[in-house]
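Content type mmCIF, C-alpha atoms, from the file entry01.cif:
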```
data_work
loop_
_atom_site.label_atom_id
_atom_site.label_comp_id
_atom_site.auth_asym_id
_atom_site.auth_seq_id
_atom_site.Cartn_x
_atom_site.Cartn_y
_atom_site.Cartn_z
CA MET A 8 -32.88 154.44 133.24
CA THR A 9 -34.28 155.89 136.45
CA GLN A 10 -38.05 155.89 136.34
CA THR A 11 -40.32 158.52 137.82
CA ARG A 12 -42.88 156.97 140.15
CA VAL A 13 -46.34 158.42 139.47
CA LEU A 14 -49.25 157.47 141.74
CA THR A 15 -52.97 157.82 141.06
CA GLY A 16 -55.77 156.99 143.50
CA ILE A 17 -59.41 156.45 142.52
CA THR A 18 -62.00 156.69 145.32
CA THR A 19 -64.50 153.84 145.17
CA SER A 20 -67.64 155.78 145.98
CA GLY A 21 -69.59 155.87 142.73
CA THR A 22 -70.02 154.71 139.13
CA PRO A 23 -67.50 156.09 136.58
CA HIS A 24 -68.94 158.63 134.16
CA LEU A 25 -67.80 160.30 130.95
CA GLY A 26 -66.17 163.12 132.92
CA ASN A 27 -64.00 160.60 134.80
CA TYR A 28 -63.06 158.99 131.50
CA VAL A 29 -62.03 162.20 129.73
CA GLY A 30 -60.45 163.90 132.72
CA ALA A 31 -58.68 160.98 134.43
CA ILE A 32 -58.93 157.49 132.97
CA ARG A 33 -58.06 158.14 129.32
CA PRO A 34 -55.04 160.42 129.96
CA ALA A 35 -53.76 158.24 132.83
CA VAL A 36 -53.88 155.06 130.74
CA ALA A 37 -51.99 156.84 127.96
CA ALA A 38 -49.39 158.11 130.46
CA SER A 39 -48.92 154.60 131.88
CA ARG A 40 -47.30 153.55 128.60
CA ASP A 41 -44.40 155.98 129.01
CA PRO A 42 -41.27 153.82 129.55
CA GLY A 43 -39.79 156.51 131.79
CA VAL A 44 -42.67 156.26 134.27
CA GLU A 45 -43.40 153.63 136.92
CA SER A 46 -47.15 153.90 137.41
CA PHE A 47 -49.16 153.10 140.54
CA TYR A 48 -52.97 152.95 140.30
CA PHE A 49 -54.99 152.06 143.36
CA LEU A 50 -58.63 151.77 144.33
CA ALA A 51 -59.00 154.01 147.38
CA ASP A 52 -61.59 151.96 149.24
CA LEU A 53 -60.40 153.11 152.68
CA HIS A 54 -61.00 156.70 151.64
CA ALA A 55 -64.48 155.74 150.42
CA LEU A 56 -65.47 154.80 153.98
CA ILE A 57 -65.24 158.47 154.97
CA LYS A 58 -68.32 159.37 152.95
CA VAL A 59 -70.05 156.08 152.09
CA GLN A 60 -71.61 153.98 154.85
CA LYS A 61 -73.29 151.46 152.55
CA PRO A 62 -71.06 148.38 152.33
CA GLU A 63 -72.70 147.13 149.13
CA ARG A 64 -72.06 150.48 147.45
CA VAL A 65 -68.35 150.41 148.32
CA GLN A 66 -68.06 146.84 147.07
CA ARG A 67 -69.98 147.52 143.85
CA SER A 68 -68.11 150.74 143.14
CA THR A 69 -64.76 149.00 143.63
CA LEU A 70 -65.76 146.36 141.09
CA GLU A 71 -67.13 148.90 138.58
CA ILE A 72 -64.10 151.16 138.79
CA ALA A 73 -61.60 148.30 138.52
CA ALA A 74 -63.46 146.93 135.48
CA SER A 75 -63.60 150.42 133.94
CA TRP A 76 -59.87 151.01 134.14
CA LEU A 77 -59.09 147.56 132.78
CA ALA A 78 -61.62 147.93 129.95
CA CYS A 79 -60.07 151.29 129.02
CA GLY A 80 -56.67 149.71 128.50
CA LEU A 81 -54.82 149.67 131.81
CA GLU A 82 -52.34 146.78 131.66
CA PRO A 83 -51.89 145.25 135.14
CA ASP A 84 -48.74 143.40 134.09
CA LYS A 85 -47.05 146.72 133.21
CA VAL A 86 -48.24 148.90 136.11
CA TRP A 87 -48.92 148.47 139.81
CA PHE A 88 -52.70 148.06 140.15
CA TYR A 89 -54.05 147.27 143.60
CA ARG A 90 -56.73 147.86 146.20
CA GLN A 91 -55.71 150.26 148.98
CA SER A 92 -57.10 148.11 151.78
CA GLU A 93 -54.88 145.18 150.74
CA ILE A 94 -51.72 147.20 151.50
CA VAL A 95 -51.52 146.80 155.27
CA GLU A 96 -48.47 149.05 155.37
CA ILE A 97 -50.62 152.08 154.47
CA PRO A 98 -52.65 152.32 157.72
CA GLU A 99 -49.51 151.51 159.73
CA LEU A 100 -47.63 154.35 158.05
CA ALA A 101 -50.67 156.60 158.50
CA TRP A 102 -50.28 156.15 162.27
CA PHE A 103 -46.56 157.00 162.11
CA LEU A 104 -47.43 160.17 160.18
CA THR A 105 -50.27 160.98 162.57
CA CYS A 106 -47.66 161.13 165.32
CA VAL A 107 -45.70 163.85 163.50
CA ALA A 108 -48.53 165.71 161.73
CA GLY A 109 -49.38 169.11 163.15
CA LYS A 110 -53.02 169.47 164.18
CA GLY A 111 -52.86 173.12 163.15
CA ILE A 112 -52.14 172.09 159.57
CA LEU A 113 -55.02 169.60 159.58
CA ASN A 114 -57.31 172.34 160.91
CA ARG A 115 -56.68 174.22 157.66
CA ALA A 116 -57.57 171.32 155.33
CA HIS A 117 -60.12 172.48 152.77
CA ALA A 118 -62.63 169.64 153.28
CA TYR A 119 -62.60 170.01 157.06
CA LYS A 120 -62.88 173.80 156.90
CA ALA A 121 -65.79 173.52 154.45
CA ALA A 122 -67.61 171.17 156.82
CA VAL A 123 -67.01 173.53 159.75
CA ASP A 124 -68.21 176.51 157.71
CA LYS A 125 -71.40 174.64 156.80
CA ASN A 126 -72.04 173.83 160.46
CA ARG A 127 -71.61 177.47 161.42
CA LEU A 128 -73.96 178.54 158.63
CA ASP A 129 -76.53 176.05 159.94
CA GLY A 130 -76.07 177.26 163.52
CA GLU A 131 -74.51 173.96 164.62
CA ASP A 132 -71.44 173.24 166.73
CA ASP A 133 -68.27 173.53 164.63
CA ASP A 134 -67.59 169.79 164.67
CA ALA A 135 -71.16 168.50 164.51
CA SER A 136 -71.32 165.27 162.45
CA ILE A 137 -67.68 165.65 161.37
CA THR A 138 -65.83 162.37 161.74
CA ALA A 139 -62.19 161.89 162.66
CA GLY A 140 -61.91 160.15 159.28
CA LEU A 141 -62.69 163.37 157.44
CA PHE A 142 -60.28 165.29 159.65
CA MET A 143 -57.47 162.76 159.17
CA TYR A 144 -58.07 162.24 155.44
CA PRO A 145 -54.89 164.16 154.48
CA VAL A 146 -52.76 161.88 156.67
CA LEU A 147 -54.10 158.72 155.03
CA MET A 148 -53.55 160.28 151.61
CA ALA A 149 -49.98 161.13 152.60
CA ALA A 150 -49.44 157.49 153.60
CA ASP A 151 -50.77 156.33 150.21
CA ILE A 152 -48.09 158.43 148.53
CA LEU A 153 -45.13 158.10 150.89
CA VAL A 154 -45.37 154.34 151.41
CA PHE A 155 -44.07 153.90 147.85
CA ASN A 156 -42.06 157.14 147.72
CA ALA A 157 -43.98 158.42 144.70
CA HIS A 158 -42.32 161.34 142.93
CA LYS A 159 -45.44 162.81 141.31
CA VAL A 160 -49.17 162.67 141.98
CA PRO A 161 -51.63 163.84 139.29
CA VAL A 162 -54.28 165.95 141.01
CA GLY A 163 -56.74 168.73 140.33
CA ARG A 164 -56.01 172.16 141.72
CA ASP A 165 -58.36 171.52 144.64
CA GLN A 166 -56.08 168.68 145.77
CA ILE A 167 -52.76 170.56 145.71
CA GLN A 168 -53.09 171.29 149.42
CA HIS A 169 -53.09 167.56 150.20
CA ILE A 170 -49.81 167.07 148.34
CA GLU A 171 -48.31 170.00 150.24
CA MET A 172 -49.43 168.34 153.47
CA ALA A 173 -47.86 165.02 152.41
CA ARG A 174 -44.61 166.89 151.80
CA ASP A 175 -44.85 168.55 155.19
CA PHE A 176 -45.51 165.29 157.06
CA GLY A 177 -42.73 163.52 155.14
CA GLN A 178 -40.29 166.34 155.84
CA ARG A 179 -41.11 166.32 159.56
CA PHE A 180 -40.57 162.56 159.69
CA ASN A 181 -37.27 162.92 157.82
CA HIS A 182 -36.12 165.57 160.26
CA LEU A 183 -36.87 163.38 163.27
CA TYR A 184 -35.74 160.00 161.96
CA GLY A 185 -33.46 160.55 158.97
CA GLU A 186 -34.02 160.79 155.24
CA HIS A 187 -36.61 158.13 154.45
CA PHE A 188 -39.18 159.83 152.24
CA VAL A 189 -39.09 161.37 148.81
CA LEU A 190 -41.11 164.59 149.00
CA PRO A 191 -43.80 164.27 146.30
CA GLU A 192 -44.82 166.90 143.79
CA ALA A 193 -48.30 167.66 142.50
CA LEU A 194 -48.64 166.96 138.79
CA ILE A 195 -51.14 169.44 137.37
CA GLU A 196 -52.28 168.80 133.81
CA GLU A 197 -53.55 172.15 132.56
CA SER A 198 -54.88 170.58 129.37
CA VAL A 199 -57.04 167.94 131.08
CA ALA A 200 -60.64 168.43 130.01
CA THR A 201 -63.42 169.07 132.51
CA LEU A 202 -66.67 167.91 130.97
CA PRO A 203 -69.94 169.71 131.56
CA GLY A 204 -72.87 167.58 132.64
CA LEU A 205 -76.43 167.35 131.36
CA ASP A 206 -77.32 170.72 132.91
CA GLY A 207 -74.19 172.58 131.80
CA ARG A 208 -72.49 172.53 135.19
CA LYS A 209 -69.39 170.43 135.78
CA MET A 210 -70.25 166.74 135.37
CA SER A 211 -70.41 165.46 138.93
CA LYS A 212 -72.31 162.92 141.00
CA SER A 213 -72.97 165.75 143.46
CA TYR A 214 -75.09 167.52 140.83
CA ASP A 215 -76.78 164.34 139.58
CA ASN A 216 -75.96 165.39 136.01
CA THR A 217 -73.63 162.61 134.91
CA ILE A 218 -73.58 160.29 131.91
CA PRO A 219 -72.39 156.84 133.08
CA LEU A 220 -69.31 155.75 131.16
CA PHE A 221 -70.71 152.38 130.17
CA ALA A 222 -74.42 153.14 129.98
CA PRO A 223 -76.16 150.81 127.48
CA ARG A 224 -76.38 152.24 123.97
CA GLU A 225 -80.05 153.27 124.18
CA GLU A 226 -79.61 154.83 127.62
CA LEU A 227 -76.55 156.71 126.36
CA LYS A 228 -78.57 158.12 123.48
CA LYS A 229 -81.44 159.13 125.76
CA LEU A 230 -79.08 160.93 128.14
CA ILE A 231 -77.27 162.77 125.34
CA PHE A 232 -80.56 163.94 123.90
CA SER A 233 -81.45 165.34 127.35
CA ILE A 234 -78.45 167.70 127.42
CA VAL A 235 -79.72 171.23 128.05
CA THR A 236 -79.49 173.57 125.03
CA ASP A 237 -80.91 177.01 124.26
CA SER A 238 -84.06 177.79 122.25
CA ARG A 239 -82.40 178.68 118.94
CA ALA A 240 -84.22 177.10 116.04
CA PRO A 241 -82.74 175.13 113.11
CA GLY A 242 -81.01 177.54 110.74
CA GLU A 243 -80.09 180.04 113.47
CA PRO A 244 -76.33 180.33 114.20
CA LYS A 245 -75.37 178.80 117.52
CA GLN A 246 -72.59 179.67 119.93
CA THR A 247 -69.93 177.07 120.67
CA GLU A 248 -68.69 179.02 123.68
CA GLY A 249 -70.58 177.92 126.76
CA SER A 250 -72.30 175.07 124.91
CA ALA A 251 -72.16 171.87 126.97
CA LEU A 252 -72.98 169.86 123.87
CA PHE A 253 -70.07 171.33 121.89
CA GLN A 254 -67.60 170.92 124.78
CA ILE A 255 -68.47 167.24 125.19
CA TYR A 256 -68.17 166.70 121.44
CA GLN A 257 -64.77 168.39 121.40
CA ALA A 258 -63.50 166.05 124.13
CA PHE A 259 -64.12 163.03 121.89
CA ALA A 260 -63.58 164.37 118.39
CA SER A 261 -60.44 164.93 116.34
CA GLU A 262 -59.37 168.48 115.47
CA GLU A 263 -60.88 168.12 111.98
CA GLU A 264 -64.18 166.83 113.39
CA THR A 265 -64.26 169.63 115.94
CA GLU A 266 -63.73 172.30 113.28
CA ALA A 267 -66.46 170.75 111.14
CA MET A 268 -68.86 170.88 114.09
CA ARG A 269 -67.84 174.48 114.80
CA ARG A 270 -68.81 175.40 111.21
CA ALA A 271 -72.07 173.48 111.59
CA PHE A 272 -72.90 175.53 114.70
CA ALA A 273 -72.23 178.75 112.79
CA GLU A 274 -74.44 177.54 109.94
CA GLY A 275 -77.34 176.78 112.30
CA ILE A 276 -77.30 173.00 112.76
CA ALA A 277 -80.46 171.76 114.49
CA TRP A 278 -79.95 170.71 118.11
CA GLY A 279 -81.37 167.26 117.41
CA GLU A 280 -78.89 166.76 114.57
CA ALA A 281 -76.00 167.95 116.74
CA LYS A 282 -77.01 165.59 119.55
CA GLN A 283 -77.22 162.68 117.12
CA ALA A 284 -73.70 163.49 115.90
CA LEU A 285 -72.48 163.65 119.50
CA PHE A 286 -74.09 160.31 120.33
CA GLU A 287 -72.53 158.59 117.31
CA ARG A 288 -69.10 160.03 118.06
CA ILE A 289 -69.12 158.97 121.73
CA ASP A 290 -70.57 155.55 121.01
CA ALA A 291 -67.92 154.90 118.35
CA GLU A 292 -65.22 155.28 121.02
CA ILE A 293 -67.04 153.75 123.98
CA ALA A 294 -68.78 150.75 122.35
CA PRO A 295 -65.66 148.51 122.09
CA LEU A 296 -64.70 149.45 125.65
CA ARG A 297 -68.26 148.73 126.83
CA GLU A 298 -68.00 145.23 125.43
CA LYS A 299 -64.78 144.61 127.38
CA TYR A 300 -66.33 146.13 130.51
CA GLU A 301 -69.37 143.88 130.37
CA ALA A 302 -67.15 140.82 129.96
CA LEU A 303 -65.08 141.85 132.98
CA MET A 304 -68.16 142.54 135.10
CA ALA A 305 -69.43 139.06 134.28
CA ARG A 306 -66.34 137.55 135.95
CA PRO A 307 -65.75 139.49 139.19
CA GLN A 308 -63.64 136.66 140.54
CA ASP A 309 -61.00 137.42 137.88
CA ILE A 310 -60.83 141.06 138.97
CA GLU A 311 -60.59 140.02 142.62
CA ALA A 312 -57.68 137.67 141.85
CA LEU A 313 -55.95 140.35 139.80
CA LEU A 314 -56.19 142.94 142.59
CA ILE A 315 -54.97 140.52 145.25
CA ASP A 316 -52.01 139.57 143.07
CA GLY A 317 -51.27 143.24 142.36
CA ALA A 318 -51.22 144.03 146.07
CA ARG A 319 -49.02 141.03 146.82
CA ARG A 320 -46.47 142.03 144.20
CA VAL A 321 -46.25 145.70 145.12
CA ARG A 322 -45.93 144.81 148.81
CA GLU A 323 -43.12 142.39 148.04
CA ARG A 324 -41.38 144.93 145.81
CA TYR A 325 -41.80 148.03 147.98
CA GLY A 326 -44.24 147.96 150.88
CA LYS A 327 -42.72 145.42 153.27
CA ALA A 328 -39.11 146.56 152.91
CA ASN A 329 -39.99 150.25 153.14
CA MET A 330 -42.12 149.71 156.22
CA GLN A 331 -39.47 147.61 157.94
CA ARG A 332 -36.98 150.44 157.52
CA LEU A 333 -39.50 152.90 158.94
CA ARG A 334 -40.26 150.64 161.91
CA GLU A 335 -36.53 150.49 162.63
CA ALA A 336 -36.29 154.25 162.28
CA VAL A 337 -38.95 155.03 164.89
CA GLY A 338 -37.65 152.41 167.35
CA LEU A 339 -40.02 149.47 166.81
CA ARG A 340 -37.08 147.07 166.82
CA ASP A 341 -35.89 143.65 167.89
CA LEU A 342 -35.15 144.01 171.62
CA SER A 343 -32.15 141.69 171.36
CA ASP A 344 -30.45 144.39 169.28
CA ALA A 345 -30.54 147.27 171.79
CA GLY A 346 -27.76 149.41 170.30
CA GLY A 347 -27.44 153.17 170.42
CA LEU A 348 -27.55 155.47 173.42
CA SER A 349 -28.88 154.28 176.75
CA LEU A 350 -32.03 155.98 177.99
CA ALA A 351 -29.99 157.96 180.50
CA GLU A 352 -27.54 159.07 177.82
CA GLU A 353 -30.35 159.99 175.45
CA THR A 354 -32.05 162.02 178.19
CA ARG A 355 -28.85 163.92 178.85
CA ALA A 356 -28.33 164.53 175.13
CA ALA A 357 -31.89 165.77 174.72
CA ALA A 358 -31.40 168.12 177.68
CA VAL A 359 -28.33 169.63 176.05
CA ALA A 360 -29.92 171.12 172.93
CA ALA A 361 -32.24 170.31 170.06
CA PHE A 362 -33.41 171.83 166.81
CA LYS A 363 -37.14 171.97 166.16
CA GLN A 364 -38.69 172.73 162.78
CA TYR A 365 -42.27 173.77 162.13
CA ARG A 366 -44.58 175.64 159.82
CA GLU A 367 -46.62 178.66 160.88
CA ALA A 368 -50.01 179.93 159.74
CA ASP A 369 -48.28 182.37 157.39
CA GLY A 370 -47.18 179.38 155.30
CA ARG A 371 -43.49 179.93 156.01
CA PHE A 372 -41.09 177.50 157.70
CA TYR A 373 -39.15 178.14 160.92
CA PHE A 374 -36.67 176.50 163.27
CA LYS A 375 -35.53 177.11 166.79
CA LEU A 376 -32.62 175.84 168.85
CA ALA A 377 -33.54 175.18 172.47
CA VAL A 378 -32.05 173.74 175.64
CA GLY A 379 -35.00 172.42 177.56
CA ASP A 380 -37.49 175.29 177.68
CA GLU A 381 -34.88 177.94 176.92
CA VAL A 382 -34.77 179.10 173.30
CA LEU A 383 -31.29 180.02 172.10
CA LEU A 384 -32.16 180.71 168.48
CA GLN A 385 -35.47 181.58 166.83
CA SER A 386 -35.26 181.70 163.05
CA ARG A 387 -36.90 184.06 160.64
CA GLY A 388 -39.33 182.56 158.11
CA PHE A 389 -38.03 180.40 155.24
CA ALA A 390 -39.90 179.86 151.98
CA ALA A 391 -38.94 176.16 151.72
CA PRO A 392 -38.27 173.49 154.37
CA LYS A 393 -35.30 172.13 152.43
CA ASP A 394 -33.38 175.37 153.09
CA ILE A 395 -33.81 174.86 156.83
CA GLY A 396 -32.90 171.19 156.53
CA GLN A 397 -29.66 172.00 154.72
CA LEU A 398 -28.67 174.63 157.28
CA ILE A 399 -29.41 172.37 160.26
CA GLY A 400 -27.65 169.47 158.54
CA ARG A 401 -24.50 171.60 158.28
CA ALA A 402 -24.87 172.67 161.92
CA LYS A 403 -24.85 169.04 163.04
CA SER A 404 -21.72 168.14 161.09
CA GLU A 405 -19.69 171.33 160.57
CA ASP A 406 -17.78 173.28 163.23
CA SER A 407 -16.94 176.65 161.71
CA ASP A 408 -17.38 180.35 162.32
CA ALA A 409 -19.01 180.71 158.90
CA LEU A 410 -21.70 178.19 159.84
CA LEU A 411 -22.32 179.91 163.15
CA ASP A 412 -22.59 183.25 161.36
CA ALA A 413 -25.14 181.77 158.95
CA LEU A 414 -27.31 180.46 161.80
CA LEU A 415 -27.23 183.77 163.64
CA ALA A 416 -27.98 185.70 160.45
CA ALA A 417 -31.04 183.51 159.82
CA SER A 418 -32.39 184.17 163.32
CA GLU A 419 -34.07 186.97 165.23
CA PRO A 420 -31.80 189.22 167.33
CA VAL A 421 -30.45 187.35 170.38
CA GLN A 422 -28.65 188.27 173.59
CA ALA A 423 -25.03 189.44 173.56
CA ASP A 424 -23.65 186.14 174.90
CA ALA A 425 -25.78 184.04 172.54
CA ARG A 426 -22.96 183.35 170.10
CA ALA A 427 -20.89 181.49 172.69
CA ARG A 428 -23.90 179.61 174.08
CA VAL A 429 -25.07 178.58 170.60
CA ALA A 430 -21.56 177.38 169.76
CA GLN A 431 -21.52 175.26 172.93
CA ALA A 432 -24.99 173.84 172.16
CA LEU A 433 -23.97 172.89 168.62
CA GLN A 434 -20.83 171.20 169.89
CA ALA A 435 -22.90 169.15 172.34
CA ILE A 436 -25.26 168.09 169.54
CA ARG A 437 -22.35 167.00 167.34
CA GLU A 438 -20.78 165.04 170.19
CA ALA A 439 -24.07 163.29 170.99
CA GLU A 440 -24.60 162.34 167.35
CA GLU A 441 -21.04 161.05 167.07
CA ALA A 442 -21.53 158.95 170.20
CA ALA A 443 -24.71 157.51 168.73
CA ARG A 444 -22.91 156.64 165.48
CA ARG A 445 -20.09 154.91 167.37
CA ALA A 446 -22.54 152.93 169.49
CA LYS A 447 -24.47 151.86 166.41
CA ALA A 448 -21.30 150.81 164.60
CA ALA A 449 -20.15 148.80 167.64
CA ALA A 450 -23.51 147.04 167.82
CA ALA A 451 -23.29 146.20 164.11
CA GLN A 452 -19.81 144.73 164.61
CA GLU A 453 -21.05 142.61 167.52
CA ARG A 454 -23.90 141.26 165.36
CA ALA A 455 -21.48 140.45 162.56
CA ALA A 456 -19.12 138.67 164.93
CA SER A 457 -21.92 136.57 166.39
#
```
Output the file's structure in the form of structure tokens.
Amino acid sequence: MTQTRVLTGITTSGTPHLGNYVGAIRPAVAASRDPGVESFYFLADLHALIKVQKPERVQRSTLEIAASWLACGLEPDKVWFYRQSEIVEIPELAWFLTCVAGKGILNRAHAYKAAVDKNRLDGEDDDASITAGLFMYPVLMAADILVFNAHKVPVGRDQIQHIEMARDFGQRFNHLYGEHFVLPEALIEESVATLPGLDGRKMSKSYDNTIPLFAPREELKKLIFSIVTDSRAPGEPKQTEGSALFQIYQAFASEEETEAMRRAFAEGIAWGEAKQALFERIDAEIAPLREKYEALMARPQDIEALLIDGARRVRERYGKANMQRLREAVGLRDLSDAGGLSLAEETRAAAVAAFKQYREADGRFYFKLAVGDEVLLQSRGFAAPKDIGQLIGRAKSEDSDALLDALLAASEPVQADARARVAQALQAIREAEEAARRAKAAAAQERAAS
């Protein structure tokens, strides 16, 4: 059975809280047990460096997050569980992708644009205090995904843009160097709960309103009893809608328990009684996990060994072989095997004609056929890059009037003699590619003979 590769990254920049557990850890651990899924879970410590400059915090967060996932049931012998910085192929691939990524696309990344907007609001230079790491974040994330050719990546809606960028970078690389990357898809779970924090806003470290996942029992109780509620007295009916307390309870309770609490709200349950019920319900689920977490935290050397072994195994299974193919593809090769076109031949072929694909600010995809600086064909916009790829793929292998008609129909109006010139350009491309294939085959035969 072909498995779907699903990849999840966890940034090591803080302590896991109940919102992380309900929204990410619990559903991801459950999904990892699907026999049709090959799951990758990694600690994104390289990403953490973008916003955390305290080494001890990165180290501690990495330990806490690894222990949290293991305590919550992640089985490292059944999934790929590793630390990002141990996979040396990721930064190498990030550089390859940097060399094909369009700066214009990176300019539109949400995090970078938000930082620029803040600087403008503060009267600062657009790029004041913005690091290249923040700007290049989408490229590193693309490398995380593409290095293992993940099919799906669970993300929130605010991260969909990054998956689209990974697809774009992968598609550009494929166009230049051949089909090497699976183009990933964002996996959006509409039913994933978003927990409110102590103040009713989304539970987030940014708002300082979180409840740590493995807070000691007494601290957990104190935090739950500090959840903001309204002034309705015992006996007065209370609204479940908009109630942070009820939403948190619902995330941990069964349907029957939730309905019972809904009735209790309508009947005027006292806030103190409701908070006690919430505390008992959460602690019933978290207490056994807390015990496992504390045991794991007491032996950090075991977690370190597990992560190193996880990285070693996933590199042996995927990383090294994939990266070697990519190195070959871009020309980082053994010099004793100098097959293919000579530099002079390649220069002549490049001067004949070439297709170029790109994406414009309107979000649509385009191609053009050019000889040097002269553009022979300029396409209209396409909704999907695969449609362009299929059309250009046919152009490089098929010599027919129907194909030529399709290219001209997909392009802006051209000069009267364009049809003949485009036909000549396509023929030159096909001849150059055939010469390259013959040279490569001859080189392979020579290697086999030796």
(request) Show which residues sit within 10 Å of Glu93 in chain A, as a list in words. Count all atoms listed in the file, and ignore same-chain residues fewer than 5 positions away. (result) Leu50, Asp52, Leu53, Leu314, Ile315, Asp316, Gly317, Ala318, Arg319 and Arg322 of chain A
Box for range 264-268 of chain A: with edges along x, y and z, all listed atoms inside and 5 Å added on each side, what are the centre and edge lengths in Å to one decimal, as AutoDock Vina command-line options?
```
--center_x -66.3 --center_y 169.6 --center_z 113.5 --size_x 15.1 --size_y 15.5 --size_z 14.8
```
(request) Could you expand the PyMOL selection byres ((chain A and resi 417) around 9) into the explicit residues it covers here, written as a list in words? (result)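 On the file shown, the PyMOL selection byres ((chain A and resi 417) around 9) covers Gln385, Ser386, Arg387, Gly388, Phe389, Asp412, Ala413, Leu414, Leu415, Ala416, Ser418 and Glu419 of chain A.
CA of Leu227 in chain A to CA of Phe259 in chain A spans 14.6 Å [interatomic distance, one decimal].
Nearest residue to Lys61 in chain A, choosing from A:Pro34, A:Gly21, A:Pro83, A:Pro392 and counting all atoms listed in the file: A:Gly21.
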(request) For His24 in chain A, please output as number ranges by chain all residues within 6 Å (counting only C-alpha atoms; exclusion window: fewer than 3 positions along the same chain). (result) A: 27, 218-220
